[in-house]
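Here is coords.cif, consisting of mmCIF, C-alpha atoms:
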data_input
loop_
_atom_site.label_atom_id
_atom_site.label_comp_id
_atom_site.auth_asym_id
_atom_site.auth_seq_id
_atom_site.Cartn_x
_atom_site.Cartn_y
_atom_site.Cartn_z
CA MET A 1 -76.05 -27.51 65.12
CA ARG A 2 -75.69 -23.89 64.16
CA ILE A 3 -76.16 -22.71 60.62
CA ALA A 4 -75.11 -19.44 59.07
CA GLY A 5 -77.90 -16.88 58.49
CA GLY A 6 -78.39 -17.20 54.67
CA ALA A 7 -77.95 -20.95 54.54
CA GLY A 8 -80.08 -21.40 57.63
CA LEU A 9 -83.01 -19.53 56.12
CA SER A 10 -82.75 -21.54 52.91
CA LEU A 11 -82.75 -24.86 54.75
CA LEU A 12 -85.65 -23.73 56.95
CA LEU A 13 -87.65 -22.79 53.83
CA ILE A 14 -86.98 -26.24 52.32
CA ILE A 15 -88.08 -27.95 55.53
CA LEU A 16 -91.31 -25.90 55.65
CA ILE A 17 -92.06 -26.74 51.99
CA SER A 18 -91.50 -30.41 52.72
CA MET A 19 -93.85 -30.30 55.70
CA SER A 20 -96.59 -28.47 53.79
CA ILE A 21 -96.48 -30.94 50.90
CA SER A 22 -96.40 -33.95 53.19
CA ILE A 23 -99.92 -33.28 54.53
CA VAL A 24 -101.67 -33.18 51.14
CA SER A 25 -104.60 -35.58 51.03
CA PRO A 26 -103.86 -39.04 49.59
CA ALA A 27 -107.14 -38.72 47.69
CA LEU A 28 -105.39 -36.37 45.29
CA GLY A 29 -102.56 -38.87 44.77
CA GLU A 30 -100.03 -36.78 46.74
CA CYS A 31 -97.43 -37.93 49.19
CA THR A 32 -98.00 -38.61 52.91
CA ALA A 33 -95.67 -38.11 55.83
CA LYS A 34 -94.28 -41.63 55.34
CA ASP A 35 -93.16 -40.97 51.78
CA LYS A 36 -89.51 -40.22 51.19
CA LEU A 37 -89.15 -37.96 48.20
CA SER A 38 -86.45 -35.62 47.09
CA ILE A 39 -87.02 -31.92 47.32
CA SER A 40 -87.07 -31.65 43.54
CA GLY A 41 -89.63 -34.45 43.33
CA MET A 42 -91.83 -32.65 45.79
CA MET A 43 -91.60 -29.44 43.79
CA ASN A 44 -92.57 -31.28 40.60
CA ARG A 45 -95.54 -32.84 42.35
CA GLU A 46 -96.61 -29.47 43.67
CA ASP A 47 -96.56 -28.14 40.10
CA ASN A 48 -98.61 -31.15 38.99
CA LEU A 49 -101.08 -30.55 41.80
CA LEU A 50 -101.56 -26.95 40.73
CA GLY A 51 -102.14 -28.15 37.17
CA ILE A 52 -104.70 -30.70 38.34
CA GLN A 53 -106.50 -28.10 40.44
CA SER A 54 -106.59 -25.68 37.49
CA GLU A 55 -107.98 -28.36 35.15
CA THR A 56 -110.53 -29.39 37.78
CA ALA A 57 -111.67 -25.79 38.25
CA GLN A 58 -112.03 -25.34 34.49
CA SER A 59 -113.95 -28.59 34.17
CA TYR A 60 -116.28 -27.64 37.05
CA SER A 61 -116.88 -24.21 35.57
CA ALA A 62 -117.71 -25.75 32.19
CA SER A 63 -120.09 -28.22 33.83
CA LEU A 64 -121.89 -25.33 35.56
CA ASP A 65 -122.23 -23.50 32.23
CA GLU A 66 -123.64 -26.63 30.63
CA ARG A 67 -126.01 -27.12 33.55
CA GLU A 68 -127.30 -23.55 33.20
CA GLU A 69 -127.80 -23.94 29.45
CA ALA A 70 -129.17 -27.48 29.50
CA PRO A 71 -132.91 -28.10 30.03
CA GLU A 72 -133.90 -29.98 33.16
CA ASN A 73 -135.65 -32.85 31.41
CA GLN A 74 -135.90 -34.48 28.04
CA SER A 75 -139.13 -32.71 27.07
CA ASP A 76 -137.37 -29.37 27.55
CA ILE A 77 -134.67 -30.21 25.02
CA SER A 78 -136.89 -29.66 21.98
CA ARG A 79 -139.07 -27.04 23.66
CA GLY A 80 -136.36 -24.80 25.07
CA LEU A 81 -136.48 -23.22 28.50
CA SER A 82 -138.78 -20.31 27.59
CA PHE A 83 -141.26 -22.70 25.96
CA SER A 84 -141.17 -25.06 28.95
CA SER A 85 -142.05 -22.22 31.31
CA ILE A 86 -145.35 -21.74 29.43
CA LEU A 87 -146.14 -25.25 28.14
CA ILE A 88 -146.79 -27.61 31.05
CA PRO A 89 -146.21 -31.33 30.33
CA LEU A 90 -149.15 -33.58 31.19
CA GLN A 91 -147.12 -35.51 33.74
CA GLU A 92 -146.37 -32.33 35.67
CA LEU A 93 -150.02 -31.41 36.17
CA ASN A 94 -150.93 -32.27 39.76
CA ILE A 95 -154.71 -32.45 40.00
CA GLN A 96 -154.43 -32.58 43.81
CA ASP A 97 -152.67 -29.20 43.86
CA GLY A 98 -155.20 -26.57 44.82
CA SER A 99 -152.82 -23.67 44.18
CA CYS A 100 -153.68 -23.58 40.45
CA ILE A 101 -156.97 -23.13 38.64
CA VAL A 102 -157.28 -25.41 35.61
CA ILE A 103 -159.62 -24.02 32.93
CA ASP A 104 -161.17 -26.10 30.17
CA ILE A 105 -162.05 -23.66 27.39
CA SER A 106 -163.84 -26.26 25.19
CA PRO A 107 -167.43 -25.28 24.30
CA HIS A 108 -169.00 -28.72 24.84
CA PRO A 109 -166.50 -31.15 26.41
CA ALA A 110 -167.59 -34.72 27.03
CA GLU A 111 -165.27 -35.04 30.03
CA TYR A 112 -162.91 -32.93 32.11
CA ILE A 113 -159.59 -33.20 33.85
CA PRO A 114 -160.62 -33.63 37.51
CA GLY A 115 -160.78 -30.29 39.31
CA ALA A 116 -161.06 -28.20 36.13
CA ILE A 117 -163.55 -25.37 35.79
CA SER A 118 -165.34 -24.66 32.51
CA ILE A 119 -165.15 -21.32 30.69
CA PRO A 120 -165.84 -21.91 26.98
CA TYR A 121 -163.67 -19.61 24.89
CA ASP A 122 -166.64 -18.39 22.84
CA ARG A 123 -168.10 -16.70 25.93
CA PHE A 124 -165.48 -13.98 25.41
CA ILE A 125 -166.60 -13.34 21.81
CA ASP A 126 -169.67 -11.53 20.52
CA SER A 127 -171.93 -12.71 17.70
CA GLY A 128 -169.74 -10.93 15.16
CA GLY A 129 -166.62 -12.83 16.20
CA ARG A 130 -165.05 -9.88 18.04
CA LEU A 131 -163.87 -9.62 21.63
CA LYS A 132 -166.50 -8.51 24.08
CA PRO A 133 -165.86 -5.32 26.07
CA ILE A 134 -163.12 -5.63 28.68
CA ARG A 135 -165.57 -5.10 31.53
CA GLU A 136 -167.70 -7.99 30.28
CA MET A 137 -164.73 -10.37 29.97
CA ALA A 138 -163.61 -9.45 33.50
CA ARG A 139 -167.13 -10.17 34.76
CA ILE A 140 -167.12 -13.63 33.14
CA LEU A 141 -163.81 -14.50 34.80
CA GLY A 142 -164.86 -13.18 38.19
CA GLU A 143 -168.19 -15.03 38.15
CA SER A 144 -166.25 -18.21 37.33
CA GLY A 145 -164.14 -17.77 40.44
CA VAL A 146 -160.99 -16.43 38.76
CA SER A 147 -159.12 -13.36 40.01
CA GLU A 148 -156.19 -11.57 38.40
CA ASN A 149 -153.85 -12.99 41.05
CA ASP A 150 -154.64 -16.67 40.47
CA SER A 151 -152.26 -19.16 38.89
CA ILE A 152 -154.00 -20.52 35.79
CA ILE A 153 -153.44 -23.49 33.49
CA ILE A 154 -155.48 -23.60 30.25
CA TYR A 155 -156.39 -26.52 28.04
CA GLY A 156 -159.12 -27.50 25.58
CA GLU A 157 -160.12 -27.14 21.96
CA CYS A 158 -163.03 -26.36 19.70
CA GLU A 159 -164.15 -29.56 17.99
CA PRO A 160 -166.74 -27.82 15.75
CA CYS A 161 -163.89 -25.57 14.54
CA GLY A 162 -161.76 -28.54 13.49
CA GLY A 163 -160.05 -29.16 16.82
CA GLY A 164 -156.51 -28.24 17.71
CA PRO A 165 -155.15 -25.96 20.43
CA SER A 166 -155.88 -22.57 18.81
CA ALA A 167 -158.85 -21.85 21.10
CA ALA A 168 -156.65 -22.50 24.15
CA THR A 169 -153.82 -20.31 22.87
CA TYR A 170 -156.37 -17.58 22.12
CA VAL A 171 -157.62 -17.59 25.72
CA PHE A 172 -153.97 -17.55 26.84
CA TRP A 173 -153.43 -14.46 24.66
CA LEU A 174 -156.68 -12.94 25.94
CA LEU A 175 -155.60 -13.31 29.57
CA LYS A 176 -152.21 -11.77 28.79
CA TYR A 177 -154.09 -8.94 27.06
CA LEU A 178 -156.07 -8.45 30.27
CA GLY A 179 -152.77 -8.22 32.13
CA HIS A 180 -152.79 -11.66 33.79
CA GLU A 181 -149.26 -12.63 34.78
CA ASP A 182 -149.41 -16.24 36.02
CA VAL A 183 -150.99 -18.16 33.16
CA ARG A 184 -149.73 -21.25 31.33
CA LEU A 185 -150.89 -23.80 28.76
CA LEU A 186 -151.17 -27.56 29.14
CA ASP A 187 -148.93 -29.19 26.53
CA GLY A 188 -151.61 -31.53 25.23
CA GLY A 189 -155.38 -31.95 25.32
CA ILE A 190 -157.94 -34.20 26.94
CA ASP A 191 -157.22 -36.94 24.39
CA ASP A 192 -153.56 -36.99 25.46
CA TRP A 193 -154.64 -36.95 29.10
CA VAL A 194 -156.87 -39.99 28.60
CA ALA A 195 -154.26 -41.80 26.50
CA ALA A 196 -151.85 -41.51 29.44
CA SER A 197 -154.38 -43.45 31.59
CA ASN A 198 -155.24 -40.43 33.71
CA PRO A 199 -158.65 -40.10 35.39
CA THR A 200 -161.41 -37.86 34.07
CA SER A 201 -164.56 -36.31 35.48
CA ALA A 202 -168.01 -35.98 33.95
CA GLU A 203 -168.55 -32.60 35.60
CA SER A 204 -166.54 -29.44 35.98
CA VAL A 205 -165.86 -27.75 39.31
CA HIS A 206 -167.67 -24.57 40.36
CA LEU A 207 -165.73 -21.96 42.36
CA GLU A 208 -166.99 -19.16 44.54
CA PRO A 209 -167.42 -15.94 42.50
CA THR A 210 -164.82 -13.26 42.96
CA ILE A 211 -163.73 -9.99 41.35
CA TYR A 212 -161.37 -9.90 38.38
CA THR A 213 -159.55 -6.61 37.95
CA PRO A 214 -157.89 -6.30 34.52
CA ALA A 215 -154.78 -4.28 33.71
CA VAL A 216 -155.00 -4.20 29.93
CA ASP A 217 -151.84 -4.59 27.85
CA ALA A 218 -152.97 -2.81 24.68
CA SER A 219 -149.63 -3.57 22.98
CA LEU A 220 -150.83 -7.12 22.25
CA LEU A 221 -153.70 -6.03 20.00
CA ALA A 222 -152.91 -4.27 16.72
CA THR A 223 -154.98 -1.37 15.44
CA TYR A 224 -155.91 -0.54 11.86
CA GLU A 225 -153.70 2.57 11.94
CA PHE A 226 -150.70 0.55 13.11
CA VAL A 227 -151.21 -2.18 10.50
CA LYS A 228 -151.40 0.27 7.60
CA SER A 229 -148.48 2.38 8.89
CA GLY A 230 -145.87 0.21 7.20
CA LEU A 231 -143.98 -0.29 10.47
CA PRO A 232 -144.82 -3.93 11.25
CA GLN A 233 -144.07 -7.15 9.44
CA ILE A 234 -147.46 -8.71 8.69
CA ILE A 235 -148.25 -12.44 8.72
CA ASP A 236 -151.45 -13.81 7.22
CA ALA A 237 -151.93 -17.03 9.20
CA ARG A 238 -154.92 -18.22 7.17
CA THR A 239 -154.77 -20.95 4.57
CA GLU A 240 -152.92 -20.38 1.30
CA LYS A 241 -156.25 -20.36 -0.55
CA GLU A 242 -157.64 -17.61 1.69
CA PHE A 243 -154.41 -15.64 1.39
CA GLU A 244 -154.52 -15.74 -2.42
CA ALA A 245 -158.19 -14.67 -2.41
CA GLY A 246 -157.27 -11.40 -0.70
CA SER A 247 -154.89 -10.22 1.99
CA ILE A 248 -153.53 -7.12 3.70
CA PRO A 249 -150.99 -5.46 1.38
CA GLY A 250 -147.42 -6.42 2.21
CA SER A 251 -148.32 -9.49 4.25
CA ILE A 252 -146.69 -12.91 3.92
CA ASN A 253 -148.49 -16.22 4.30
CA ILE A 254 -147.52 -18.56 7.15
CA PRO A 255 -150.58 -20.76 7.82
CA TYR A 256 -151.19 -21.35 11.51
CA THR A 257 -150.95 -25.09 10.94
CA SER A 258 -147.25 -24.61 10.10
CA VAL A 259 -146.39 -24.42 13.80
CA LEU A 260 -148.21 -27.64 14.67
CA ASP A 261 -147.16 -31.27 14.75
CA GLY A 262 -150.56 -32.89 15.04
CA LYS A 263 -152.21 -30.95 17.88
CA ARG A 264 -148.99 -29.93 19.61
CA MET A 265 -146.50 -27.17 18.88
CA ARG A 266 -143.35 -28.03 16.96
CA SER A 267 -139.89 -27.95 18.53
CA GLN A 268 -138.15 -24.65 19.18
CA SER A 269 -135.49 -25.32 16.52
CA GLU A 270 -138.16 -25.96 13.87
CA LEU A 271 -140.01 -22.78 14.83
CA LYS A 272 -136.82 -20.72 14.69
CA GLU A 273 -136.26 -21.97 11.16
CA LEU A 274 -139.89 -21.23 10.21
CA PHE A 275 -139.55 -17.59 11.29
CA SER A 276 -135.93 -17.12 10.23
CA ASP A 277 -136.81 -14.55 7.54
CA LEU A 278 -138.44 -12.21 10.06
CA GLN A 279 -136.54 -9.31 11.62
CA LYS A 280 -136.48 -9.30 15.41
CA ASP A 281 -135.99 -5.54 15.59
CA ARG A 282 -139.36 -4.92 13.90
CA PRO A 283 -142.80 -5.68 15.39
CA VAL A 284 -144.91 -8.44 13.87
CA VAL A 285 -148.69 -8.42 13.32
CA VAL A 286 -150.40 -11.79 12.88
CA TYR A 287 -153.95 -12.03 11.58
CA THR A 288 -156.63 -14.55 10.64
CA ASN A 289 -160.32 -13.99 9.97
CA THR A 290 -161.20 -13.34 13.64
CA GLY A 291 -157.75 -13.50 15.25
CA ILE A 292 -158.38 -16.75 17.13
CA LYS A 293 -156.13 -18.97 15.02
CA ALA A 294 -153.63 -16.13 14.69
CA SER A 295 -152.79 -16.85 18.33
CA MET A 296 -151.12 -20.09 17.20
CA ILE A 297 -148.47 -18.02 15.38
CA TRP A 298 -148.42 -15.25 18.00
CA LEU A 299 -147.45 -17.62 20.84
CA PRO A 300 -144.21 -19.08 19.43
CA LEU A 301 -143.22 -15.67 18.04
CA THR A 302 -143.58 -14.19 21.52
CA LEU A 303 -141.67 -17.06 23.15
CA LEU A 304 -138.87 -16.61 20.60
CA GLY A 305 -138.51 -12.95 21.54
CA TYR A 306 -140.49 -11.18 18.80
CA ASP A 307 -142.74 -8.21 19.54
CA ALA A 308 -145.95 -9.78 18.21
CA LYS A 309 -149.54 -8.53 18.09
CA ILE A 310 -152.84 -10.03 16.95
CA TYR A 311 -155.23 -8.57 14.38
CA ALA A 312 -158.34 -9.72 12.46
CA TRP A 313 -159.01 -9.75 8.73
CA GLN A 314 -162.65 -8.82 9.38
CA ASP A 315 -161.48 -5.67 11.17
CA TRP A 316 -159.28 -4.75 8.21
CA ILE A 317 -162.24 -5.14 5.83
CA ALA A 318 -164.53 -3.12 8.09
CA ASP A 319 -162.02 -0.33 8.61
CA ARG A 320 -161.06 -0.17 4.92
CA SER A 321 -164.72 0.28 3.99
CA GLN A 322 -164.77 3.57 5.87
CA PRO A 323 -163.61 6.40 3.60
CA ASP A 324 -160.36 7.95 4.81
CA ILE A 325 -161.10 11.58 4.00
CA GLU A 326 -159.25 14.68 5.14
CA LEU A 327 -161.40 17.82 4.88
CA LYS A 328 -159.36 20.75 3.55
CA GLU A 329 -161.95 23.51 3.10
CA ALA A 330 -165.71 24.08 3.35
CA LYS A 331 -167.82 27.06 2.24
CA SER A 332 -171.50 27.96 2.44
CA GLU A 333 -173.50 30.60 0.53
CA PRO A 334 -175.07 32.64 1.98
CA ASN A 335 -173.08 32.71 5.18
CA PRO A 336 -174.62 33.28 7.59
CA GLY A 337 -177.95 32.05 6.32
CA LEU A 338 -181.35 32.89 7.74
CA SER A 339 -183.90 30.34 8.84
CA GLY A 340 -185.69 28.97 5.80
CA ASP A 341 -183.00 30.11 3.31
CA ALA A 342 -181.50 27.66 0.83
CA VAL A 343 -177.77 27.26 1.59
CA ASN A 344 -175.23 25.99 -0.91
CA ILE A 345 -172.32 24.15 0.77
CA THR A 346 -169.13 23.27 -1.10
CA SER A 347 -166.05 21.46 0.22
CA SER A 348 -162.67 20.26 -0.91
CA ASP A 349 -160.91 17.25 0.57
CA ASP A 350 -158.21 14.63 0.07
CA VAL A 351 -159.06 10.93 -0.07
CA ASN A 352 -156.17 8.84 1.33
#
Entire entry expressed as structure tokens:
Amino acid sequence: MRIAGGAGLSLLLIILISMSISIVSPALGECTAKDKLSISGMMNREDNLLGIQSETAQSYSASLDEREEAPENQSDISRGLSFSSILIPLQELNIQDGSCIVIDISPHPAEYIPGAISIPYDRFIDSGGRLKPIREMARILGESGVSENDSIIIYGECEPCGGGPSAATYVFWLLKYLGHEDVRLLDGGIDDWVAASNPTSAESVHLEPTIYTPAVDASLLATYEFVKSGLPQIIDARTEKEFEAGSIPGSINIPYTSVLDGKRMRSQSELKELFSDLQKDRPVVVYTNTGIKASMIWLPLTLLGYDAKIYAWQDWIADRSQPDIELKEAKSEPNPGLSGDAVNITSSDDVN
């Protein structure tokens, strides 16, 4: 049969459309070669197929977005992804994994997580409650078998200080101050470990000494000049009673216990609410008497994206006791004076 040019092309196009639609997979609910449908019916189904594909693509895209935003496990839901990258759940600690060094920072622990080494947090502090020199802290870490390239997990507490994780968070801060990159905190203490029916050891492990090379991040430790400059927001993390007895001018009181639920950190949503009055575009200085418990406020602030630093009330008192004098002019009579002569010296200055 011969068909005129225009009509022939039209019929050929219809036949090709029919053939292309007829091979659509039955899994999508489309027709097979055995189906007998009108051309208009096929066209409608093709439109429906395009609609289904579009809806499927949108649904898949949305599921990917949700997957990227959603935490991987239930414990991450309240912690948030940034928190979960630092706080390691007890069940995820593999004591057979030799790639990490587990450090118990408790001064006098009765038992250890198997494989943990012992570096009591107070070894990094002098008799006056201040950090030891950087070289000395690096020596302590190196002699304990820790290098700056090791992956570290910290746990422990100071029972004589009232317990709680502040000593562990302080050592975490200290290592970040020394420039250590791969360091995390166990989300729980030895009591939680035992309560979960995990094994313990009566002795800590001793590693071969090595060399620890620090790369100090001075931005994590506030100075007196910075604190008094008026630039930072200042948090007094001591008790309300201590705050009322005397505090750094302009500071607000958020006791370090505010971030704790028992001995563990509160959920990310609760912490966001706690710090909601702070401005993220301004740095924050957190202080307690020695700075150790200030680390409990510093950690969640840092994980929430604030530029936070630690300071100590005792340093403020010591620095404030030094007179801040600017010498403007000094004169002596006679000038020059001879050996044995009495010389009268006068000066003028400003006291800030």
**OP:** Mind checking which residues fall within 10 Å of Leu131 in chain A, counting only C-alpha atoms, ignoring those fewer than 5 positions away in the same chain, and posting them as a list in words?
**Re:** Asp122, Arg123, Phe124, Ile125, Asp126, Glu136, Met137, Leu174, Thr290 and Gly291 of chain A
**OP:** Could you tell me which residues the PyMOL selection byres ((chain A and resi 239) around 12) grabs in this file, written as an NGL selection string?
**Re:** :A and (235-238 or 240-247 or 252-258 or 287-289 or 293-294)
**OP:** Measure the distance from CA of Gln91 in chain A to CA of Ser204 in chain A in Å and round it to one decimal.
**Re:** 20.5 Å
Subject >> Exercise: range 304-307 of chain A partners within 12 Å, only C-alpha atoms, chain neighbours under 6 positions left out, as a count of residues only >> reply: 33
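Coordinates place CA of Ser251 in chain A at a distance of 10.4 Å from CA of Gly230 in chain A.
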Original post:
Can you tell me, as a count of residues only, what residues are no more than 7 Å from Glu148 in chain A when counting only C-alpha atoms, ignoring any on the same chain fewer than 4 positions away?
Top reply: 4
Original post:
With only C-alpha atoms as the basis for distance, which of A:Gly250, A:Pro209, A:Gly128, A:Gly179 is at the shortest distance from Lys228 in chain A?
Top reply: A:Gly250
Subject >> Best match for closeness to His206 in chain A among A:Asp315, A:Glu92, A:Glu111, A:Glu143, counting only C-alpha atoms >> reply: A:Glu143
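Comparing A:Ser118, A:Ser84, A:Ser229, A:Ser99 by their smallest distance to Leu185 in chain A, the closest is A:Ser84 (using only C-alpha atoms).
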**OP:** Pick out the closest residue to Ile140 in chain A from this set: A:Ile154, A:Ile211, A:Leu93, A:Ile190. Count all atoms listed in the file.
**Re:** A:Ile211
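Reported to one decimal place, the separation of CA of Ser85 in chain A from CA of Arg184 in chain A is 7.7 Å.
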Subject >> Residue nearest Arg135 in chain A - candidates A:Ala110, A:Ala215, A:Val194, A:Leu301, atoms counted: all atoms listed in the file >> reply: A:Ala215
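Residues in contact with Ile119 in chain A at 9 Å, where only C-alpha atoms are counted and same-chain residues fewer than 4 positions away are skipped, are listed as Ile103, Asp104, Ile105, Ser106, Pro107, Arg123, Ile140, Leu141 and Ser144 of chain A.
For the choices A:Leu207, A:Leu87, A:Ala196, A:Val102, the atom-to-atom distance to Ser151 in chain A is smallest for A:Val102 when using all atoms listed in the file.
Neighbours of Val183 in chain A closer than or equal to 8 Å, with all atoms listed in the file counted and sequence neighbours fewer than 6 positions away skipped, come out as A:Ile86, A:Ser151, A:Ile152, A:Ile153, A:Ile154, A:Phe172, A:Leu175, A:Lys176.
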**OP:** Please tell me which residues are no farther than 7 Å from (-155.1, -32.7, 35.2) in the file, counting only C-alpha atoms, and write them as a PyMOL selection string.
**Re:** chain A and resi 93-95+113-114
